[in-house]
$ cat final.cif   # mmCIF, C-alpha atoms
data_structure
#
loop_
_atom_site.label_atom_id
_atom_site.label_comp_id
_atom_site.auth_asym_id
_atom_site.auth_seq_id
_atom_site.Cartn_x
_atom_site.Cartn_y
_atom_site.Cartn_z
CA MET A 1 112.70 -45.46 -51.56
CA LYS A 2 111.64 -48.54 -49.60
CA LEU A 3 113.94 -51.52 -49.39
CA ALA A 4 113.24 -54.03 -52.14
CA LYS A 5 112.39 -57.51 -50.92
CA ARG A 6 115.22 -59.05 -52.92
CA GLU A 7 117.78 -56.88 -51.15
CA LYS A 8 119.29 -57.74 -47.80
CA PRO A 9 118.87 -54.95 -45.26
CA ILE A 10 121.78 -52.57 -44.74
CA ASP A 11 122.24 -50.44 -41.62
CA ALA A 12 124.53 -47.50 -40.90
CA VAL A 13 126.55 -47.04 -37.72
CA ILE A 14 128.10 -43.74 -36.62
CA THR A 15 130.33 -43.17 -33.60
CA TRP A 16 130.14 -39.74 -31.99
CA VAL A 17 131.37 -37.84 -28.96
CA ASP A 18 130.61 -34.33 -27.75
CA GLY A 19 133.83 -32.95 -26.31
CA ASN A 20 132.03 -29.75 -25.35
CA ASP A 21 130.09 -31.60 -22.65
CA GLU A 22 131.45 -30.61 -19.23
CA ALA A 23 130.52 -33.96 -17.67
CA PHE A 24 132.44 -35.79 -20.41
CA ARG A 25 135.46 -33.52 -19.95
CA GLU A 26 135.57 -34.15 -16.21
CA LYS A 27 135.20 -37.89 -16.70
CA LEU A 28 137.98 -38.05 -19.29
CA ASN A 29 140.44 -36.14 -17.14
CA GLN A 30 139.51 -38.30 -14.17
CA TYR A 31 140.86 -41.36 -16.02
CA SER A 32 143.64 -39.78 -18.07
CA GLU A 33 147.22 -39.62 -16.81
CA ASN A 34 147.85 -36.64 -19.10
CA LYS A 35 145.12 -34.13 -18.31
CA ILE A 36 143.67 -32.29 -21.28
CA ASP A 37 143.63 -28.52 -21.36
CA TRP A 38 140.18 -28.02 -22.86
CA SER A 39 141.04 -24.45 -23.86
CA ASN A 40 143.76 -25.78 -26.19
CA LYS A 41 142.32 -26.80 -29.57
CA LYS A 42 145.34 -28.95 -30.42
CA GLU A 43 144.79 -31.08 -27.32
CA THR A 44 141.05 -31.46 -27.82
CA ILE A 45 141.08 -32.17 -31.55
CA ARG A 46 139.90 -35.80 -31.20
CA PHE A 47 136.89 -34.87 -29.09
CA ASN A 48 135.55 -31.56 -30.40
CA SER A 49 132.15 -31.40 -32.04
CA ILE A 50 130.42 -28.73 -34.12
CA GLU A 51 127.30 -30.87 -34.66
CA GLU A 52 128.54 -32.10 -38.03
CA VAL A 53 127.06 -35.49 -37.10
CA GLY A 54 123.71 -34.01 -38.10
CA VAL A 55 125.10 -33.53 -41.61
CA VAL A 56 126.30 -37.16 -41.62
CA ILE A 57 122.81 -38.41 -40.73
CA ASP A 58 121.08 -36.10 -43.21
CA SER A 59 123.49 -37.22 -45.93
CA ILE A 60 122.75 -40.90 -45.30
CA VAL A 61 118.99 -40.34 -45.34
CA LYS A 62 119.17 -38.38 -48.60
CA PHE A 63 121.87 -40.19 -50.54
CA ALA A 64 121.46 -43.76 -49.23
CA PRO A 65 117.66 -44.25 -49.01
CA PHE A 66 118.17 -48.04 -48.87
CA ILE A 67 119.57 -47.76 -45.33
CA ARG A 68 117.19 -49.35 -42.82
CA ASN A 69 118.55 -48.14 -39.47
CA ILE A 70 121.00 -45.42 -38.51
CA PHE A 71 122.59 -46.23 -35.16
CA LEU A 72 124.41 -43.38 -33.42
CA VAL A 73 126.80 -44.77 -30.80
CA THR A 74 127.51 -42.39 -27.88
CA ASP A 75 128.59 -42.22 -24.25
CA ASN A 76 125.37 -41.07 -22.57
CA GLN A 77 125.18 -38.08 -24.90
CA THR A 78 122.65 -36.75 -27.39
CA PRO A 79 123.43 -34.31 -30.21
CA LYS A 80 121.45 -31.08 -29.99
CA CYS A 81 120.11 -31.75 -33.47
CA PHE A 82 119.05 -35.35 -32.76
CA ASN A 83 115.36 -34.88 -31.88
CA ALA A 84 114.88 -32.55 -34.83
CA LEU A 85 116.49 -35.15 -37.13
CA VAL A 86 114.21 -37.89 -35.85
CA LYS A 87 111.13 -35.70 -36.27
CA LYS A 88 112.18 -34.56 -39.75
CA ASN A 89 112.68 -38.13 -40.95
CA SER A 90 109.78 -39.74 -39.08
CA GLU A 91 107.75 -40.24 -42.27
CA LYS A 92 110.63 -41.90 -44.09
CA SER A 93 111.51 -45.59 -43.90
CA VAL A 94 114.73 -45.09 -41.94
CA ASN A 95 114.92 -45.53 -38.17
CA ILE A 96 117.39 -43.29 -36.28
CA GLU A 97 118.43 -44.62 -32.88
CA LEU A 98 120.87 -43.76 -30.09
CA ILE A 99 123.03 -46.62 -28.78
CA ASP A 100 124.87 -46.07 -25.51
CA HIS A 101 128.29 -47.57 -24.81
CA SER A 102 126.76 -49.52 -21.93
CA ILE A 103 124.69 -51.52 -24.44
CA ILE A 104 127.54 -52.64 -26.68
CA PHE A 105 129.87 -53.22 -23.71
CA LYS A 106 127.33 -55.43 -21.90
CA ASP A 107 129.23 -58.07 -19.86
CA TYR A 108 132.42 -56.03 -20.37
CA GLU A 109 131.45 -53.04 -18.25
CA GLN A 110 134.82 -53.15 -16.47
CA TYR A 111 136.30 -51.46 -19.56
CA LEU A 112 133.96 -48.47 -19.27
CA PRO A 113 134.16 -45.58 -19.51
CA THR A 114 136.27 -45.63 -22.64
CA PHE A 115 137.53 -42.70 -24.70
CA ASN A 116 139.11 -44.92 -27.34
CA SER A 117 137.68 -45.16 -30.85
CA CYS A 118 139.55 -48.44 -31.45
CA SER A 119 137.88 -50.04 -28.44
CA ILE A 120 134.45 -48.68 -29.31
CA GLY A 121 134.74 -49.78 -32.94
CA THR A 122 135.53 -53.33 -31.84
CA MET A 123 132.13 -53.54 -30.10
CA LEU A 124 129.90 -52.16 -32.85
CA TYR A 125 128.88 -55.60 -34.11
CA ARG A 126 127.10 -56.11 -30.75
CA ILE A 127 124.47 -53.42 -31.43
CA PRO A 128 121.04 -55.05 -30.88
CA ASN A 129 119.09 -55.71 -34.10
CA LEU A 130 122.04 -54.65 -36.24
CA ALA A 131 121.77 -55.95 -39.81
CA GLU A 132 124.23 -58.53 -41.10
CA GLN A 133 125.37 -55.89 -43.59
CA PHE A 134 126.24 -52.50 -42.16
CA VAL A 135 128.25 -49.44 -43.13
CA PHE A 136 130.48 -47.79 -40.54
CA PHE A 137 130.81 -43.98 -40.61
CA ASN A 138 133.00 -41.67 -38.60
CA ASP A 139 131.26 -38.46 -37.59
CA ASP A 140 133.28 -36.45 -40.12
CA THR A 141 132.52 -38.60 -43.18
CA PHE A 142 129.60 -37.71 -45.42
CA LEU A 143 127.73 -38.99 -48.45
CA MET A 144 127.38 -36.10 -50.86
CA ARG A 145 126.07 -37.86 -53.94
CA GLU A 146 123.46 -40.57 -54.42
CA THR A 147 124.70 -44.07 -53.65
CA LYS A 148 123.28 -47.52 -54.23
CA PRO A 149 123.63 -50.77 -52.23
CA GLU A 150 126.27 -52.02 -54.69
CA ASP A 151 128.57 -49.20 -53.64
CA PHE A 152 128.94 -51.10 -50.37
CA PHE A 153 127.90 -54.73 -50.96
CA VAL A 154 127.93 -56.74 -54.19
CA ASN A 155 126.05 -60.04 -54.10
CA GLY A 156 126.39 -60.05 -50.33
CA LEU A 157 130.13 -59.40 -50.36
CA PRO A 158 131.55 -56.19 -48.88
CA VAL A 159 133.23 -53.66 -51.13
CA VAL A 160 136.75 -53.05 -49.82
CA ARG A 161 137.97 -49.61 -50.88
CA GLY A 162 141.74 -49.57 -50.86
CA ARG A 163 145.02 -50.25 -52.59
CA TRP A 164 147.60 -52.92 -51.92
CA SER A 165 150.63 -51.52 -50.12
CA LYS A 166 153.83 -52.84 -48.56
CA TYR A 167 154.38 -52.74 -44.83
CA TYR A 168 156.53 -49.85 -43.67
CA GLU A 169 159.51 -52.09 -42.98
CA ASN A 170 159.43 -53.25 -46.61
CA GLN A 171 159.30 -49.75 -48.10
CA ILE A 172 162.94 -49.14 -49.07
CA LEU A 173 162.74 -45.41 -49.84
CA ARG A 174 160.78 -44.70 -46.68
CA ASN A 175 163.34 -46.50 -44.53
CA ILE A 176 166.24 -44.66 -46.20
CA TYR A 177 164.46 -41.37 -45.46
CA LYS A 178 163.90 -42.35 -41.84
CA LYS A 179 167.55 -43.25 -41.31
CA THR A 180 168.71 -40.06 -43.02
CA VAL A 181 166.44 -37.82 -40.96
CA GLY A 182 167.44 -39.66 -37.82
CA PHE A 183 171.12 -39.16 -38.57
CA ILE A 184 170.77 -35.46 -39.43
CA LYS A 185 168.68 -34.68 -36.37
CA LYS A 186 170.73 -37.05 -34.20
CA ARG A 187 167.72 -38.84 -32.91
CA LYS A 188 165.84 -42.05 -33.60
CA VAL A 189 162.80 -41.59 -35.83
CA GLU A 190 160.08 -43.84 -34.44
CA ASN A 191 156.97 -45.15 -36.12
CA VAL A 192 153.95 -43.47 -34.57
CA ALA A 193 151.04 -45.79 -33.75
CA GLY A 194 148.81 -44.00 -36.22
CA TYR A 195 146.12 -44.75 -38.77
CA LYS A 196 148.25 -46.58 -41.35
CA LEU A 197 150.18 -48.58 -38.77
CA ALA A 198 146.92 -49.74 -37.21
CA GLN A 199 145.82 -50.93 -40.66
CA GLN A 200 149.09 -52.81 -41.11
CA LYS A 201 148.71 -54.43 -37.71
CA SER A 202 145.29 -55.74 -38.75
CA ALA A 203 146.75 -57.40 -41.83
CA LYS A 204 149.72 -58.84 -39.93
CA LEU A 205 147.40 -60.44 -37.37
CA LEU A 206 146.00 -62.48 -40.25
CA GLY A 207 149.38 -63.42 -41.73
CA LEU A 208 149.05 -61.35 -44.89
CA LYS A 209 152.25 -60.32 -46.67
CA GLN A 210 150.85 -56.92 -47.65
CA TYR A 211 147.95 -54.78 -46.54
CA VAL A 212 145.16 -52.92 -48.28
CA ARG A 213 145.57 -49.27 -47.42
CA ARG A 214 142.21 -47.60 -47.00
CA ASP A 215 141.27 -43.95 -46.75
CA HIS A 216 138.64 -41.99 -44.80
CA THR A 217 135.59 -43.49 -46.50
CA PRO A 218 132.59 -45.35 -45.08
CA VAL A 219 133.39 -49.04 -44.47
CA ALA A 220 131.20 -51.99 -45.46
CA ILE A 221 131.22 -54.68 -42.74
CA ARG A 222 129.51 -58.03 -42.31
CA LYS A 223 128.49 -58.64 -38.70
CA SER A 224 129.02 -62.40 -38.90
CA THR A 225 132.58 -61.94 -40.16
CA VAL A 226 133.57 -59.94 -37.09
CA ALA A 227 131.58 -62.07 -34.64
CA SER A 228 133.05 -65.34 -35.92
CA PHE A 229 136.59 -63.99 -35.69
CA PHE A 230 136.19 -62.75 -32.13
CA ASP A 231 134.49 -65.99 -31.07
CA THR A 232 137.75 -67.79 -31.80
CA HIS A 233 140.12 -64.98 -30.77
CA ASN A 234 138.75 -63.92 -27.40
CA SER A 235 142.08 -62.78 -25.92
CA LEU A 236 142.70 -60.58 -28.97
CA PHE A 237 139.19 -59.20 -28.61
CA GLN A 238 139.59 -58.32 -24.94
CA ASN A 239 143.04 -56.84 -25.44
CA ASN A 240 141.60 -54.46 -28.01
CA ILE A 241 138.74 -53.23 -25.81
CA LYS A 242 140.56 -52.92 -22.48
CA HIS A 243 142.43 -49.70 -23.26
CA ARG A 244 140.53 -46.56 -22.24
CA PHE A 245 142.81 -44.51 -24.49
CA ARG A 246 144.52 -45.40 -27.78
CA HIS A 247 147.36 -47.87 -27.50
CA ALA A 248 150.03 -48.96 -29.98
CA ASP A 249 148.94 -52.60 -29.66
CA GLN A 250 145.46 -51.95 -30.99
CA PHE A 251 143.93 -52.61 -34.41
CA ILE A 252 141.02 -50.77 -36.01
CA ILE A 253 137.87 -52.72 -36.79
CA SER A 254 137.41 -51.19 -40.26
CA SER A 255 140.76 -52.57 -41.39
CA LEU A 256 140.54 -55.87 -39.52
CA SER A 257 137.14 -56.68 -41.04
CA ASN A 258 138.45 -55.78 -44.50
CA HIS A 259 141.48 -58.04 -44.14
CA ILE A 260 139.45 -60.97 -42.77
CA GLU A 261 137.29 -60.77 -45.90
CA ILE A 262 140.42 -60.52 -48.05
CA LYS A 263 141.94 -63.60 -46.43
CA ASN A 264 138.67 -65.48 -46.95
CA ASN A 265 138.45 -64.23 -50.56
CA SER A 266 134.98 -62.91 -49.78
CA TYR A 267 135.25 -59.32 -50.94
CA VAL A 268 135.13 -56.98 -53.92
CA LEU A 269 138.15 -54.68 -54.23
CA LYS A 270 137.60 -51.12 -55.42
CA LYS A 271 140.76 -49.06 -55.85
CA ASP A 272 138.93 -45.79 -56.47
CA PHE A 273 138.20 -44.19 -53.09
CA GLN A 274 135.65 -41.83 -54.71
CA LEU A 275 136.58 -39.42 -51.95
CA VAL A 276 137.38 -35.75 -51.49
CA TYR A 277 139.37 -35.31 -48.30
CA PHE A 278 139.94 -32.15 -46.27
CA GLN A 279 142.49 -31.85 -43.47
CA SER A 280 143.90 -28.31 -43.74
CA TYR A 281 141.62 -25.26 -43.74
CA THR A 282 143.96 -22.28 -44.07
CA ASN A 283 143.72 -21.66 -47.83
CA ILE A 284 140.12 -20.75 -48.54
CA LEU A 285 140.64 -20.52 -52.32
CA MET A 286 141.96 -24.10 -52.37
CA LEU A 287 139.01 -25.24 -50.27
CA ARG A 288 136.54 -23.67 -52.69
CA LYS A 289 138.39 -25.29 -55.59
CA LYS A 290 138.11 -28.75 -54.02
CA LEU A 291 134.40 -28.27 -53.32
CA LEU A 292 133.86 -27.26 -56.94
CA GLU A 293 135.84 -30.29 -58.13
CA PHE A 294 133.51 -32.52 -56.13
CA GLU A 295 130.48 -30.94 -57.78
CA LEU A 296 131.96 -31.41 -61.26
CA ASN A 297 133.35 -34.92 -60.78
CA LYS A 298 130.28 -37.16 -60.80
CA SER A 299 132.29 -40.20 -59.74
CA LYS A 300 132.92 -38.73 -56.27
CA LEU A 301 130.55 -40.04 -53.61
CA PHE A 302 132.20 -39.35 -50.27
CA MET A 303 133.60 -36.38 -48.42
CA CYS A 304 135.66 -36.32 -45.25
CA CYS A 305 136.30 -33.10 -43.32
CA GLN A 306 138.74 -34.16 -40.65
CA SER A 307 138.90 -31.81 -37.66
CA LEU A 308 136.72 -29.17 -39.32
CA GLU A 309 136.27 -27.60 -35.88
CA ILE A 310 139.81 -26.19 -36.04
CA ALA A 311 138.90 -24.05 -39.05
CA SER A 312 137.99 -20.38 -38.79
CA PRO A 313 134.30 -19.48 -38.27
CA GLN A 314 134.24 -18.18 -41.86
CA VAL A 315 135.42 -21.51 -43.26
CA ILE A 316 133.06 -23.53 -41.04
CA ASP A 317 130.13 -21.39 -42.22
CA MET A 318 131.23 -21.91 -45.84
CA PHE A 319 131.25 -25.69 -45.46
CA PHE A 320 127.89 -25.84 -43.70
CA ALA A 321 126.35 -23.61 -46.38
CA TRP A 322 127.75 -25.97 -49.03
CA PHE A 323 126.43 -29.03 -47.17
CA SER A 324 123.01 -27.43 -46.87
CA LYS A 325 122.90 -26.67 -50.59
CA ARG A 326 123.80 -30.28 -51.48
CA LEU A 327 121.27 -31.75 -49.07
CA ASP A 328 118.43 -29.45 -50.09
CA LYS A 329 118.70 -30.25 -53.81
#
$ encode --input "final.cif" --output "structure tokens"
Amino acid sequence: MKLAKREKPIDAVITWVDGNDEAFREKLNQYSENKIDWSNKKETIRFNSIEEVGVVIDSIVKFAPFIRNIFLVTDNQTPKCFNALVKKNSEKSVNIELIDHSIIFKDYEQYLPTFNSCSIGTMLYRIPNLAEQFVFFNDDTFLMRETKPEDFFVNGLPVVRGRWSKYYENQILRNIYKKTVGFIKKRKVENVAGYKLAQQKSAKLLGLKQYVRRDHTPVAIRKSTVASFFDTHNSLFQNNIKHRFRHADQFIISSLSNHIEIKNNSYVLKKDFQLVYFQSYTNILMLRKKLLEFELNKSKLFMCCQSLEIASPQVIDMFFAWFSKRLDK
């Protein structure tokens, strides 16, 4: 389906790293204080790849035919499946392009190399020829049912998928639990600088009294929203890109962009994530049940398989067979 003239172009951006690359492994350990044991799956979980990025790209081409460009952001790496994907989709209207970190970090090369998804995400709006409207994908997030532009942008406004939530410090039951656990175990229970805290930090930067908690879905972003904010908050911008590895002070661009739009009242809120999310892969019967539920529930659009590489070969094969079936329909 070619893009209708009345529609503004929409691009897709995917960030990807191949932790199996020996050159990448050596470079990371060269800069890391805590050296990674690459034989330990628990230590390498953020960097491992089983070429699922090819499924992400195939899913966008099939289920979001309105996408103009698919930009794959990497650190001097190319997925094994990339050339085949380009060749396979050469007759379609979508352009698939590799974008190296050196391009988006132009004039900020002192912060390279970086192994930090928060830093990399901050720079995505600097991709050359990126559309004003773009959708940000992690390399473990797939489209598995047909989507339309309005699933991401409505009358030029981004769809924010999330639900209003209180900050941790305002969640009474959570704080009681923390104090109780801390007392029983005779230790202080700290907040980990994780996914939800990074979202909360984004909202607090903008002075919001609550935050919109999002899940592992694709994120609709307007390039001008991010660019305008960083133009007037340069120190915040540089502080977020200077860390080679994740830092507690950082925000995530998906949440910051959402909350800027919320503060400006330039968004459409959608509370239904329309997502099936996988994180544990030990119970194969439960996994099959969730896959079947996706097939039966026509409202589901997205699927996230976080850290699928830690699953058994049998489970990985099951998922890839399921993906192939969906994409070949």
$ atom_distance --input "final.cif" --atom1 "CA of Gly156 in chain A" --atom2 "CA of Phe273 in chain A"
20.0 Å
$ residues_near_point --input "final.cif" --point "(134.7, -48.5, -26.2)" --cutoff "6 Å" --atoms "only C-alpha atoms" --output "ChimeraX atom specification"
/A:114,116,119-120
$ resolve_selection --input "final.cif" --expression "the PyMOL selection byres ((chain A and resi 135-141) around 6)" --output "PyMOL selection string"
chain A and resi 12-16+53+134+142+218-220+303-306
$ resolve_selection --input "final.cif" --expression "the PyMOL selection byres ((chain A and resi 69-79) around 10)" --output "PDB file with C-alpha atoms, in the coordinates of the input"
ATOM      1  CA  PRO A   9     118.870 -54.950 -45.260  1.00  0.00           C
ATOM      2  CA  ILE A  10     121.780 -52.570 -44.740  1.00  0.00           C
ATOM      3  CA  ASP A  11     122.240 -50.440 -41.620  1.00  0.00           C
ATOM      4  CA  ALA A  12     124.530 -47.500 -40.900  1.00  0.00           C
ATOM      5  CA  VAL A  13     126.550 -47.040 -37.720  1.00  0.00           C
ATOM      6  CA  ILE A  14     128.100 -43.740 -36.620  1.00  0.00           C
ATOM      7  CA  THR A  15     130.330 -43.170 -33.600  1.00  0.00           C
ATOM      8  CA  TRP A  16     130.140 -39.740 -31.990  1.00  0.00           C
ATOM      9  CA  VAL A  17     131.370 -37.840 -28.960  1.00  0.00           C
ATOM     10  CA  ASP A  18     130.610 -34.330 -27.750  1.00  0.00           C
ATOM     11  CA  ASP A  21     130.090 -31.600 -22.650  1.00  0.00           C
ATOM     12  CA  ALA A  23     130.520 -33.960 -17.670  1.00  0.00           C
ATOM     13  CA  PHE A  24     132.440 -35.790 -20.410  1.00  0.00           C
ATOM     14  CA  SER A  49     132.150 -31.400 -32.040  1.00  0.00           C
ATOM     15  CA  ILE A  50     130.420 -28.730 -34.120  1.00  0.00           C
ATOM     16  CA  GLU A  51     127.300 -30.870 -34.660  1.00  0.00           C
ATOM     17  CA  GLU A  52     128.540 -32.100 -38.030  1.00  0.00           C
ATOM     18  CA  VAL A  53     127.060 -35.490 -37.100  1.00  0.00           C
ATOM     19  CA  GLY A  54     123.710 -34.010 -38.100  1.00  0.00           C
ATOM     20  CA  ILE A  57     122.810 -38.410 -40.730  1.00  0.00           C
ATOM     21  CA  ILE A  60     122.750 -40.900 -45.300  1.00  0.00           C
ATOM     22  CA  VAL A  61     118.990 -40.340 -45.340  1.00  0.00           C
ATOM     23  CA  PHE A  66     118.170 -48.040 -48.870  1.00  0.00           C
ATOM     24  CA  ILE A  67     119.570 -47.760 -45.330  1.00  0.00           C
ATOM     25  CA  ARG A  68     117.190 -49.350 -42.820  1.00  0.00           C
ATOM     26  CA  LYS A  80     121.450 -31.080 -29.990  1.00  0.00           C
ATOM     27  CA  CYS A  81     120.110 -31.750 -33.470  1.00  0.00           C
ATOM     28  CA  PHE A  82     119.050 -35.350 -32.760  1.00  0.00           C
ATOM     29  CA  ASN A  83     115.360 -34.880 -31.880  1.00  0.00           C
ATOM     30  CA  ALA A  84     114.880 -32.550 -34.830  1.00  0.00           C
ATOM     31  CA  LEU A  85     116.490 -35.150 -37.130  1.00  0.00           C
ATOM     32  CA  SER A  93     111.510 -45.590 -43.900  1.00  0.00           C
ATOM     33  CA  VAL A  94     114.730 -45.090 -41.940  1.00  0.00           C
ATOM     34  CA  ASN A  95     114.920 -45.530 -38.170  1.00  0.00           C
ATOM     35  CA  ILE A  96     117.390 -43.290 -36.280  1.00  0.00           C
ATOM     36  CA  GLU A  97     118.430 -44.620 -32.880  1.00  0.00           C
ATOM     37  CA  LEU A  98     120.870 -43.760 -30.090  1.00  0.00           C
ATOM     38  CA  ILE A  99     123.030 -46.620 -28.780  1.00  0.00           C
ATOM     39  CA  ASP A 100     124.870 -46.070 -25.510  1.00  0.00           C
ATOM     40  CA  HIS A 101     128.290 -47.570 -24.810  1.00  0.00           C
ATOM     41  CA  SER A 102     126.760 -49.520 -21.930  1.00  0.00           C
ATOM     42  CA  ILE A 103     124.690 -51.520 -24.440  1.00  0.00           C
ATOM     43  CA  ILE A 104     127.540 -52.640 -26.680  1.00  0.00           C
ATOM     44  CA  LEU A 112     133.960 -48.470 -19.270  1.00  0.00           C
ATOM     45  CA  PRO A 113     134.160 -45.580 -19.510  1.00  0.00           C
ATOM     46  CA  THR A 114     136.270 -45.630 -22.640  1.00  0.00           C
ATOM     47  CA  PHE A 115     137.530 -42.700 -24.700  1.00  0.00           C
ATOM     48  CA  ILE A 120     134.450 -48.680 -29.310  1.00  0.00           C
ATOM     49  CA  GLY A 121     134.740 -49.780 -32.940  1.00  0.00           C
ATOM     50  CA  LEU A 124     129.900 -52.160 -32.850  1.00  0.00           C
ATOM     51  CA  ILE A 127     124.470 -53.420 -31.430  1.00  0.00           C
ATOM     52  CA  PRO A 128     121.040 -55.050 -30.880  1.00  0.00           C
ATOM     53  CA  ASN A 129     119.090 -55.710 -34.100  1.00  0.00           C
ATOM     54  CA  LEU A 130     122.040 -54.650 -36.240  1.00  0.00           C
ATOM     55  CA  ALA A 131     121.770 -55.950 -39.810  1.00  0.00           C
ATOM     56  CA  PHE A 134     126.240 -52.500 -42.160  1.00  0.00           C
ATOM     57  CA  VAL A 135     128.250 -49.440 -43.130  1.00  0.00           C
ATOM     58  CA  PHE A 136     130.480 -47.790 -40.540  1.00  0.00           C
ATOM     59  CA  PHE A 137     130.810 -43.980 -40.610  1.00  0.00           C
ATOM     60  CA  ASP A 139     131.260 -38.460 -37.590  1.00  0.00           C
TER      61      ASP A 139
END
$ closest_residue --input "final.cif" --among "A:Leu256, A:Pro65, A:Ser312, A:Thr217" --to "Asn283 in chain A" --atoms "only C-alpha atoms"
A:Ser312
$ build_atoms --input "final.cif" --residues "range 261-281 of chain A" --atoms "N, CA and C atoms" --output "mmCIF file, keeping the file's coordinate frame"
data_model
loop_
_atom_site.group_PDB
_atom_site.id
_atom_site.type_symbol
_atom_site.label_atom_id
_atom_site.label_comp_id
_atom_site.auth_asym_id
_atom_site.auth_seq_id
_atom_site.Cartn_x
_atom_site.Cartn_y
_atom_site.Cartn_z
ATOM 1 N N GLU A 261 137.984 -60.456 -44.642
ATOM 2 C CA GLU A 261 137.290 -60.770 -45.900
ATOM 3 C C GLU A 261 138.290 -61.049 -47.015
ATOM 4 N N ILE A 262 139.382 -60.303 -47.030
ATOM 5 C CA ILE A 262 140.420 -60.520 -48.050
ATOM 6 C C ILE A 262 141.030 -61.908 -47.894
ATOM 7 N N LYS A 263 141.352 -62.281 -46.665
ATOM 8 C CA LYS A 263 141.940 -63.600 -46.430
ATOM 9 C C LYS A 263 140.982 -64.708 -46.825
ATOM 10 N N ASN A 264 139.690 -64.479 -46.607
ATOM 11 C CA ASN A 264 138.670 -65.480 -46.950
ATOM 12 C C ASN A 264 138.236 -65.401 -48.404
ATOM 13 N N ASN A 265 138.815 -64.454 -49.151
ATOM 14 C CA ASN A 265 138.450 -64.230 -50.560
ATOM 15 C C ASN A 265 136.947 -63.999 -50.706
ATOM 16 N N SER A 266 136.414 -63.200 -49.774
ATOM 17 C CA SER A 266 134.980 -62.910 -49.780
ATOM 18 C C SER A 266 134.776 -61.395 -49.815
ATOM 19 N N TYR A 267 135.301 -60.775 -50.848
ATOM 20 C CA TYR A 267 135.250 -59.320 -50.940
ATOM 21 C C TYR A 267 135.307 -58.884 -52.394
ATOM 22 N N VAL A 268 134.987 -57.617 -52.606
ATOM 23 C CA VAL A 268 135.130 -56.980 -53.920
ATOM 24 C C VAL A 268 136.036 -55.776 -53.720
ATOM 25 N N LEU A 269 137.185 -55.765 -54.400
ATOM 26 C CA LEU A 269 138.150 -54.680 -54.230
ATOM 27 C C LEU A 269 137.824 -53.526 -55.171
ATOM 28 N N LYS A 270 137.796 -52.323 -54.612
ATOM 29 C CA LYS A 270 137.600 -51.120 -55.420
ATOM 30 C C LYS A 270 138.731 -50.165 -55.098
ATOM 31 N N LYS A 271 139.585 -49.894 -56.077
ATOM 32 C CA LYS A 271 140.760 -49.060 -55.850
ATOM 33 C C LYS A 271 140.444 -47.566 -55.838
ATOM 34 N N ASP A 272 139.322 -47.196 -56.433
ATOM 35 C CA ASP A 272 138.930 -45.790 -56.470
ATOM 36 C C ASP A 272 138.225 -45.454 -55.157
ATOM 37 N N PHE A 273 138.813 -44.561 -54.359
ATOM 38 C CA PHE A 273 138.200 -44.190 -53.090
ATOM 39 C C PHE A 273 136.932 -43.367 -53.282
ATOM 40 N N GLN A 274 136.798 -42.702 -54.414
ATOM 41 C CA GLN A 274 135.650 -41.830 -54.710
ATOM 42 C C GLN A 274 135.443 -40.797 -53.608
ATOM 43 N N LEU A 275 136.553 -40.264 -53.138
ATOM 44 C CA LEU A 275 136.580 -39.420 -51.950
ATOM 45 C C LEU A 275 137.236 -38.072 -52.222
ATOM 46 N N VAL A 276 136.688 -37.029 -51.607
ATOM 47 C CA VAL A 276 137.380 -35.750 -51.490
ATOM 48 C C VAL A 276 137.649 -35.537 -50.009
ATOM 49 N N TYR A 277 138.917 -35.330 -49.700
ATOM 50 C CA TYR A 277 139.370 -35.310 -48.300
ATOM 51 C C TYR A 277 139.923 -33.949 -47.928
ATOM 52 N N PHE A 278 139.471 -33.434 -46.776
ATOM 53 C CA PHE A 278 139.940 -32.150 -46.270
ATOM 54 C C PHE A 278 140.615 -32.364 -44.915
ATOM 55 N N GLN A 279 141.792 -31.763 -44.753
ATOM 56 C CA GLN A 279 142.490 -31.850 -43.470
ATOM 57 C C GLN A 279 143.039 -30.483 -43.041
ATOM 58 N N SER A 280 143.404 -29.653 -44.016
ATOM 59 C CA SER A 280 143.900 -28.310 -43.740
ATOM 60 C C SER A 280 142.848 -27.296 -44.213
ATOM 61 N N TYR A 281 142.686 -26.210 -43.451
ATOM 62 C CA TYR A 281 141.620 -25.260 -43.740
ATOM 63 C C TYR A 281 142.107 -23.815 -43.805
#
